[in-house]
Structures are given as structure tokens and as C-alpha cells.
$ cat protein36.pdb   # PDB, C-alpha atoms
ATOM      1  CA  MET A   1      18.992   0.083 -17.461
ATOM      2  CA  ARG A   2      16.161  -1.532 -15.518
ATOM      3  CA  THR A   3      12.573  -0.322 -15.794
ATOM      4  CA  LEU A   4      10.971   0.944 -12.586
ATOM      5  CA  ILE A   5       7.214   0.281 -12.564
ATOM      6  CA  SER A   6       4.835   1.841 -10.058
ATOM      7  CA  THR A   7       1.698  -0.250  -9.580
ATOM      8  CA  ALA A   8      -1.292   0.983  -7.622
ATOM      9  CA  PHE A   9      -4.934   0.609  -6.796
ATOM     10  CA  ILE A  10      -6.057   4.229  -7.031
ATOM     11  CA  SER A  11      -9.332   6.077  -6.557
ATOM     12  CA  LEU A  12     -10.487   8.466  -9.257
ATOM     13  CA  ASP A  13      -9.315  11.365  -7.077
ATOM     14  CA  GLY A  14      -5.817   9.923  -6.677
ATOM     15  CA  VAL A  15      -5.966   8.252  -3.246
ATOM     16  CA  VAL A  16      -3.919   5.079  -2.745
ATOM     17  CA  GLU A  17      -4.160   4.750   1.055
ATOM     18  CA  GLY A  18      -5.584   1.624   2.704
ATOM     19  CA  PRO A  19      -6.910  -0.260  -0.335
ATOM     20  CA  GLY A  20      -6.696  -3.683   1.306
ATOM     21  CA  GLY A  21      -8.023  -2.909   4.770
ATOM     22  CA  GLU A  22      -4.927  -1.510   6.465
ATOM     23  CA  PRO A  23      -5.804   0.018   9.854
ATOM     24  CA  GLY A  24      -5.868   3.728  10.587
ATOM     25  CA  TYR A  25      -7.589   5.057   7.455
ATOM     26  CA  ARG A  26     -11.272   5.997   7.491
ATOM     27  CA  ASN A  27     -12.010   4.378   4.105
ATOM     28  CA  SER A  28      -9.731   1.382   4.607
ATOM     29  CA  GLY A  29     -10.563  -1.598   2.398
ATOM     30  CA  TRP A  30     -12.162   0.511  -0.312
ATOM     31  CA  THR A  31     -11.131  -1.866  -3.108
ATOM     32  CA  PHE A  32     -13.467  -4.560  -1.765
ATOM     33  CA  LYS A  33     -16.483  -2.532  -0.643
ATOM     34  CA  ASP A  34     -19.449  -2.276  -2.996
ATOM     35  CA  ILE A  35     -17.406  -3.188  -6.087
ATOM     36  CA  GLU A  36     -18.138  -6.452  -7.852
ATOM     37  CA  PHE A  37     -15.033  -8.628  -8.139
ATOM     38  CA  LEU A  38     -14.193  -9.395 -11.766
ATOM     39  CA  PRO A  39     -11.059 -11.552 -12.167
ATOM     40  CA  GLU A  40     -10.280 -10.098 -15.581
ATOM     41  CA  ALA A  41      -9.879  -6.634 -14.056
ATOM     42  CA  PHE A  42      -6.997  -7.949 -11.934
ATOM     43  CA  GLU A  43      -5.163  -9.840 -14.710
ATOM     44  CA  ILE A  44      -2.397  -7.252 -14.652
ATOM     45  CA  LYS A  45      -1.554  -8.154 -11.032
ATOM     46  CA  GLY A  46      -0.645 -11.723 -12.047
ATOM     47  CA  ARG A  47       1.273 -10.468 -15.063
ATOM     48  CA  GLU A  48       3.314  -8.178 -12.828
ATOM     49  CA  GLN A  49       4.571 -11.183 -10.843
ATOM     50  CA  GLU A  50       5.585 -12.915 -14.071
ATOM     51  CA  GLU A  51       7.352  -9.888 -15.596
ATOM     52  CA  ALA A  52       9.004  -8.266 -12.564
ATOM     53  CA  THR A  53      12.411  -9.433 -11.379
ATOM     54  CA  ALA A  54      12.541  -7.449  -8.112
ATOM     55  CA  ILE A  55      10.302  -5.540  -5.712
ATOM     56  CA  LEU A  56      10.940  -2.065  -4.322
ATOM     57  CA  LEU A  57       9.079  -0.964  -1.197
ATOM     58  CA  GLY A  58       9.089   1.879   1.264
ATOM     59  CA  ARG A  59       9.420   1.113   4.969
ATOM     60  CA  THR A  60       5.721   1.434   5.809
ATOM     61  CA  SER A  61       4.620  -0.892   3.004
ATOM     62  CA  TYR A  62       7.408  -3.331   3.835
ATOM     63  CA  GLU A  63       6.219  -3.452   7.451
ATOM     64  CA  ALA A  64       2.631  -4.085   6.264
ATOM     65  CA  PHE A  65       3.415  -6.664   3.544
ATOM     66  CA  SER A  66       6.353  -8.639   4.985
ATOM     67  CA  PRO A  67       4.389 -10.383   7.764
ATOM     68  CA  VAL A  68       1.685 -11.502   5.271
ATOM     69  CA  TRP A  69       2.905 -11.805   1.670
ATOM     70  CA  PRO A  70       5.622 -14.462   2.164
ATOM     71  CA  ASP A  71       3.014 -17.103   3.018
ATOM     72  CA  MET A  72       0.248 -16.027   0.620
ATOM     73  CA  GLU A  73      -0.289 -18.186  -2.446
ATOM     74  CA  ASP A  74      -1.498 -15.095  -4.383
ATOM     75  CA  PHE A  75       1.984 -13.584  -4.011
ATOM     76  CA  ALA A  76       4.106 -16.723  -4.429
ATOM     77  CA  GLY A  77       5.877 -15.196  -7.445
ATOM     78  CA  TYR A  78       7.224 -12.394  -5.305
ATOM     79  CA  LYS A  79       8.675 -14.674  -2.633
ATOM     80  CA  VAL A  80      11.655 -15.675  -4.786
ATOM     81  CA  MET A  81      12.414 -12.170  -6.087
ATOM     82  CA  PRO A  82      14.953  -9.850  -4.488
ATOM     83  CA  LYS A  83      13.271  -7.217  -2.333
ATOM     84  CA  TYR A  84      14.677  -3.700  -1.894
ATOM     85  CA  VAL A  85      13.396  -1.528   0.946
ATOM     86  CA  VAL A  86      14.045   2.208   0.906
ATOM     87  CA  SER A  87      14.405   3.309   4.525
ATOM     88  CA  THR A  88      16.625   5.372   6.754
ATOM     89  CA  LYS A  89      15.171   3.703   9.870
ATOM     90  CA  LEU A  90      15.088  -0.062   9.242
ATOM     91  CA  THR A  91      18.028  -2.238  10.202
ATOM     92  CA  GLU A  92      18.957  -5.731   9.026
ATOM     93  CA  ASP A  93      17.402  -7.062  12.253
ATOM     94  CA  ASP A  94      14.023  -5.603  11.196
ATOM     95  CA  LEU A  95      13.868  -7.722   8.031
ATOM     96  CA  VAL A  96      11.788 -10.918   8.042
ATOM     97  CA  ASP A  97      13.697 -14.142   7.487
ATOM     98  CA  ASN A  98      11.188 -15.999   5.298
ATOM     99  CA  TRP A  99      10.972 -13.709   2.269
ATOM    100  CA  GLY A 100      14.146 -14.361   0.332
ATOM    101  CA  GLU A 101      16.860 -11.856  -0.506
ATOM    102  CA  GLN A 102      16.238  -8.405   1.011
ATOM    103  CA  THR A 103      18.370  -5.285   0.805
ATOM    104  CA  ILE A 104      17.915  -1.936   2.520
ATOM    105  CA  LEU A 105      18.561   1.125   0.353
ATOM    106  CA  ARG A 106      19.187   4.365   2.224
ATOM    107  CA  SER A 107      18.523   6.962  -0.507
ATOM    108  CA  LEU A 108      17.053   7.716  -3.905
ATOM    109  CA  ASP A 109      20.628   7.768  -5.213
ATOM    110  CA  GLU A 110      20.853   4.090  -4.280
ATOM    111  CA  VAL A 111      17.570   3.462  -6.138
ATOM    112  CA  ALA A 112      19.002   5.243  -9.194
ATOM    113  CA  ALA A 113      22.115   3.054  -8.940
ATOM    114  CA  LEU A 114      19.944  -0.068  -8.699
ATOM    115  CA  LYS A 115      18.198   0.940 -11.928
ATOM    116  CA  GLU A 116      21.609   0.998 -13.636
ATOM    117  CA  THR A 117      22.292  -2.668 -12.800
ATOM    118  CA  GLU A 118      21.621  -5.681 -15.014
ATOM    119  CA  GLY A 119      18.223  -7.308 -14.720
ATOM    120  CA  GLY A 120      14.577  -6.921 -15.589
ATOM    121  CA  PRO A 121      11.798  -4.686 -14.323
ATOM    122  CA  ILE A 122      11.525  -3.592 -10.700
ATOM    123  CA  ILE A 123       7.977  -3.211  -9.361
ATOM    124  CA  VAL A 124       6.948  -0.745  -6.648
ATOM    125  CA  HIS A 125       3.916  -1.797  -4.562
ATOM    126  CA  GLY A 126       2.110   0.494  -2.126
ATOM    127  CA  SER A 127       4.619   2.981  -0.753
ATOM    128  CA  ALA A 128       2.813   6.293  -1.314
ATOM    129  CA  ALA A 129       5.609   8.508   0.040
ATOM    130  CA  LEU A 130       8.249   6.546  -1.855
ATOM    131  CA  ASN A 131       6.235   6.764  -5.081
ATOM    132  CA  GLN A 132       5.980  10.526  -4.716
ATOM    133  CA  ALA A 133       9.717  10.856  -4.136
ATOM    134  CA  LEU A 134      10.569   8.519  -7.030
ATOM    135  CA  SER A 135       8.251  10.399  -9.374
ATOM    136  CA  ASP A 136       9.596  13.796  -8.324
ATOM    137  CA  ALA A 137      13.151  12.497  -8.910
ATOM    138  CA  GLY A 138      12.257  11.226 -12.383
ATOM    139  CA  LEU A 139      12.989   7.588 -11.509
ATOM    140  CA  ILE A 140       9.645   5.974 -12.457
ATOM    141  CA  ASP A 141       9.437   4.650 -16.014
ATOM    142  CA  ARG A 142       5.934   3.161 -16.086
ATOM    143  CA  TYR A 143       2.670   3.248 -14.144
ATOM    144  CA  HIS A 144       0.249   0.312 -13.824
ATOM    145  CA  LEU A 145      -2.927   1.851 -12.424
ATOM    146  CA  LEU A 146      -6.181   0.121 -11.554
ATOM    147  CA  VAL A 147      -8.523   3.082 -11.190
ATOM    148  CA  PHE A 148     -11.555   2.481  -8.973
ATOM    149  CA  PRO A 149     -14.784   4.431  -9.581
ATOM    150  CA  LEU A 150     -14.654   6.102  -6.180
ATOM    151  CA  LEU A 151     -13.940   9.518  -4.724
ATOM    152  CA  LEU A 152     -12.319   9.106  -1.313
ATOM    153  CA  GLY A 153     -11.395  12.697  -0.509
ATOM    154  CA  ALA A 154      -8.712  12.653   2.160
ATOM    155  CA  GLY A 155      -5.932  10.089   2.084
ATOM    156  CA  LYS A 156      -2.418   9.470   0.867
ATOM    157  CA  ARG A 157      -2.031  10.247  -2.820
ATOM    158  CA  LEU A 158       0.068   8.545  -5.467
ATOM    159  CA  PHE A 159       1.378  11.823  -6.833
ATOM    160  CA  SER A 160       2.922  14.655  -4.852
ATOM    161  CA  ALA A 161       1.725  18.243  -4.846
ATOM    162  CA  THR A 162       5.259  19.447  -5.585
ATOM    163  CA  ASP A 163       5.419  22.376  -8.000
ATOM    164  CA  LYS A 164       7.434  20.911 -10.873
ATOM    165  CA  ASP A 165       7.665  20.882 -14.627
ATOM    166  CA  GLN A 166       5.048  18.999 -16.584
ATOM    167  CA  GLN A 167       5.721  15.285 -16.993
ATOM    168  CA  LYS A 168       4.180  13.721 -20.071
ATOM    169  CA  LEU A 169       2.821  10.183 -19.992
ATOM    170  CA  LYS A 170       1.988   7.919 -22.934
ATOM    171  CA  LEU A 171      -0.993   5.577 -22.569
ATOM    172  CA  VAL A 172       0.246   2.168 -23.787
ATOM    173  CA  GLU A 173      -2.509  -0.121 -22.507
ATOM    174  CA  HIS A 174      -6.019   0.458 -21.221
ATOM    175  CA  GLU A 175      -9.272  -1.316 -20.600
ATOM    176  CA  ALA A 176     -12.551  -0.572 -18.854
ATOM    177  CA  TYR A 177     -14.453  -3.283 -17.001
ATOM    178  CA  ALA A 178     -18.147  -3.853 -16.281
ATOM    179  CA  ASN A 179     -17.630  -3.091 -12.568
ATOM    180  CA  GLY A 180     -16.327   0.393 -13.374
ATOM    181  CA  LEU A 181     -12.616  -0.326 -12.883
ATOM    182  CA  GLN A 182     -10.193   0.975 -15.469
ATOM    183  CA  LYS A 183      -6.741  -0.365 -16.228
ATOM    184  CA  ASN A 184      -4.379   2.359 -17.400
ATOM    185  CA  VAL A 185      -0.736   1.629 -18.196
ATOM    186  CA  PHE A 186       1.387   4.695 -18.868
ATOM    187  CA  ASP A 187       5.000   5.011 -19.942
ATOM    188  CA  VAL A 188       6.796   8.123 -18.736
ATOM    189  CA  VAL A 189       7.954  10.145 -21.747
ATOM    190  CA  ARG A 190      11.534  11.340 -21.387
TER
END

$ encode --input "protein36.pdb" --output "C-alpha cells"
Amino acid sequence: MRTLISTAFISLDGVVEGPGGEPGYRNSGWTFKDIEFLPEAFEIKGREQEEATAILLGRTSYEAFSPVWPDMEDFAGYKVMPKYVVSTKLTEDDLVDNWGEQTILRSLDEVAALKETEGGPIIVHGSAALNQALSDAGLIDRYHLLVFPLLLGAGKRLFSATDKDQQKLKLVEHEAYANGLQKNVFDVVR
């Protein structure tokens, strides 16, 4: 069984929307405003490219990343990996042609089936709605969270507000950095 890892830049109050400057969000670009850049705080992002064997994205994140990431040196490791996009709206014609193998999955059942295949970890970038659905369905195995010392108030959240049973997490790696960022890696306890 493959491990499904959710990775996110997240504010202290749980917001994951618009971290890199995506349009349409009042606080867009919050990861780069008034926070000193420390390379060591982002070490986990490079490690994710080395350890992951596939990427899983929701439609909105795919549409934001696919025009940019294929040609970015910072994301060169992802270019060769299979990409899976969970969407009921996208068609094969909507997929970019310069980003390697890409497959559209139409349901969480198809994501669960993908997890049952041979291969290494699958990483989920962005994709707030998809992350909520995956978490609620019990499909996420690990969280890689870079927590920023900010309260953003409104915005898309990593976790849903669904009334559900408690889900226990085990902290397996953590570090605090001089700029206030915290790295927290949690395994989901089953």
C-alpha cells in the first residue's frame, strides 16, 4: 500500500489559501510577506521531491500549477513523476502536454485504488478541497506542515469542519526556526 502525504504551507489558524500569490484571495502571497526566508526551514520541500514517486492534485491546484511548474527548476523532480488529478470536470484535452504522465481520477474510490497499487509515496500539493475530502475519507497517511506564525482569518482551510470521530496524529518530526516557522510531520494513527 502506498503512503499518501499531504504537504502544506499553513497559517497558525489553519488557512492554506493563496500562499504563493495566487489571485483572488485578500492575503495572497502570505508566505513571502514580512517573513525572513531561511533555506533550512524549506528543506522538507526538497526532500519531498526526492521521496515522492507521484503527485496527486485537485483540479484547481492542477490548473494553477500545470502552466508554471513544468518549466521551474525548483520543481524539476516533479516533472518526471506521474501526476494524478482528481476532477469530475477536466478532460484529457485540458491536460498540459509538457508535464509527463498525467491521469485523471474521477472519485475518491479511484484514489483509494491508486493507494493499493505498487510504488512509493504519493504527495498532495495545494488542493484544499481535495485534502478535506481525503482526510474525511481516511485516505491521508501523513501530513508535512510548514506552519507560519500568522493568523489570516478567512480563507480555505486544510481541514474540514465536518462533524466526525476524533482522528489521532503522531508527531514524528518537528523543528522550529528563527523566523517563526515550524515544521511538523504527523503520521495518522489508525

$ resolve_selection --input "protein36.pdb" --expression "the PyMOL selection byres ((chain A and resi 37-44) around 12)" --output "PyMOL selection string"
chain A and resi 7-9+31-36+45-52+74+143-148+173-185

$ atom_distance --input "protein36.pdb" --atom1 "CA of Gly14 in chain A" --atom2 "CA of Lys156 in chain A"
8.3 Å

$ atom_distance --input "protein36.pdb" --atom1 "CA of Gly21 in chain A" --atom2 "CA of Ser61 in chain A"
12.9 Å

$ resolve_selection --input "protein36.pdb" --expression "the PyMOL selection byres ((chain A and resi 112) around 12)" --output "ChimeraX atom specification"
/A:1-4,56,86,105-111,113-117,122,133-135,137-141

$ resolve_selection --input "protein36.pdb" --expression "the PyMOL selection byres ((chain A and resi 80) around 10)" --output "list of chain:residue names"
A:Thr53, A:Ala54, A:Pro70, A:Phe75, A:Ala76, A:Gly77, A:Tyr78, A:Lys79, A:Met81, A:Pro82, A:Lys83, A:Trp99, A:Gly100, A:Glu101

$ residues_around --input "protein36.pdb" --residues "Ser11 in chain A" --least-positions-apart "2" --cutoff "7 Å" --atoms "all atoms listed in the file" --output "short mmCIF file (atom, residue, chain, number, x, y, z; two decimals) with C-alpha atoms, in the frame of the given file"
data_model
loop_
_atom_site.label_atom_id
_atom_site.label_comp_id
_atom_site.auth_asym_id
_atom_site.auth_seq_id
_atom_site.Cartn_x
_atom_site.Cartn_y
_atom_site.Cartn_z
CA ASP A 13 -9.32 11.36 -7.08
CA GLY A 14 -5.82 9.92 -6.68
CA VAL A 15 -5.97 8.25 -3.25
CA VAL A 16 -3.92 5.08 -2.74
CA VAL A 147 -8.52 3.08 -11.19
CA PHE A 148 -11.56 2.48 -8.97
CA PRO A 149 -14.78 4.43 -9.58
CA LEU A 150 -14.65 6.10 -6.18
CA LEU A 151 -13.94 9.52 -4.72
CA LEU A 152 -12.32 9.11 -1.31
#

$ atom_distance --input "protein36.pdb" --atom1 "CA of Gly20 in chain A" --atom2 "CA of Asp136 in chain A"
25.8 Å

$ closest_residue --input "protein36.pdb" --among "A:Asp187, A:Ile55, A:Glu22, A:Phe159" --to "Pro121 in chain A" --atoms "only C-alpha atoms"
A:Ile55

$ axis_aligned_box --input "protein36.pdb" --around "range 74-84 of chain A" --padding-each-side "6 Å" --output "AutoDock Vina command-line options"
--center_x 6.7 --center_y -10.2 --center_z -4.7 --size_x 28.5 --size_y 25.0 --size_z 17.6

$ closest_residue --input "protein36.pdb" --among "A:Gln167, A:Gln132, A:Thr103, A:Ser127" --to "Ala64 in chain A" --atoms "all atoms listed in the file"
A:Ser127

$ residues_around --input "protein36.pdb" --residues "Gly18 in chain A" --least-positions-apart "3" --cutoff "8 Å" --atoms "only C-alpha atoms" --output "list in words"
Gly21, Glu22, Pro23, Tyr25, Asn27, Ser28, Gly29 and Trp30 of chain A

$ closest_residue --input "protein36.pdb" --among "A:Pro67, A:Gly126, A:Gly119, A:Gly58" --to "Arg157 in chain A" --atoms "all atoms listed in the file"
A:Gly126

$ closest_residue --input "protein36.pdb" --among "A:Leu171, A:Ile104, A:Val124, A:Ile10" --to "Val85 in chain A" --atoms "only C-alpha atoms"
A:Ile104

$ closest_residue --input "protein36.pdb" --among "A:Ser160, A:Asn131, A:Ser6, A:Gln102" --to "Ser66 in chain A" --atoms "all atoms listed in the file"
A:Gln102

$ closest_residue --input "protein36.pdb" --among "A:Arg59, A:Ile123, A:Val68, A:Gly153" --to "Asp94 in chain A" --atoms "only C-alpha atoms"
A:Arg59
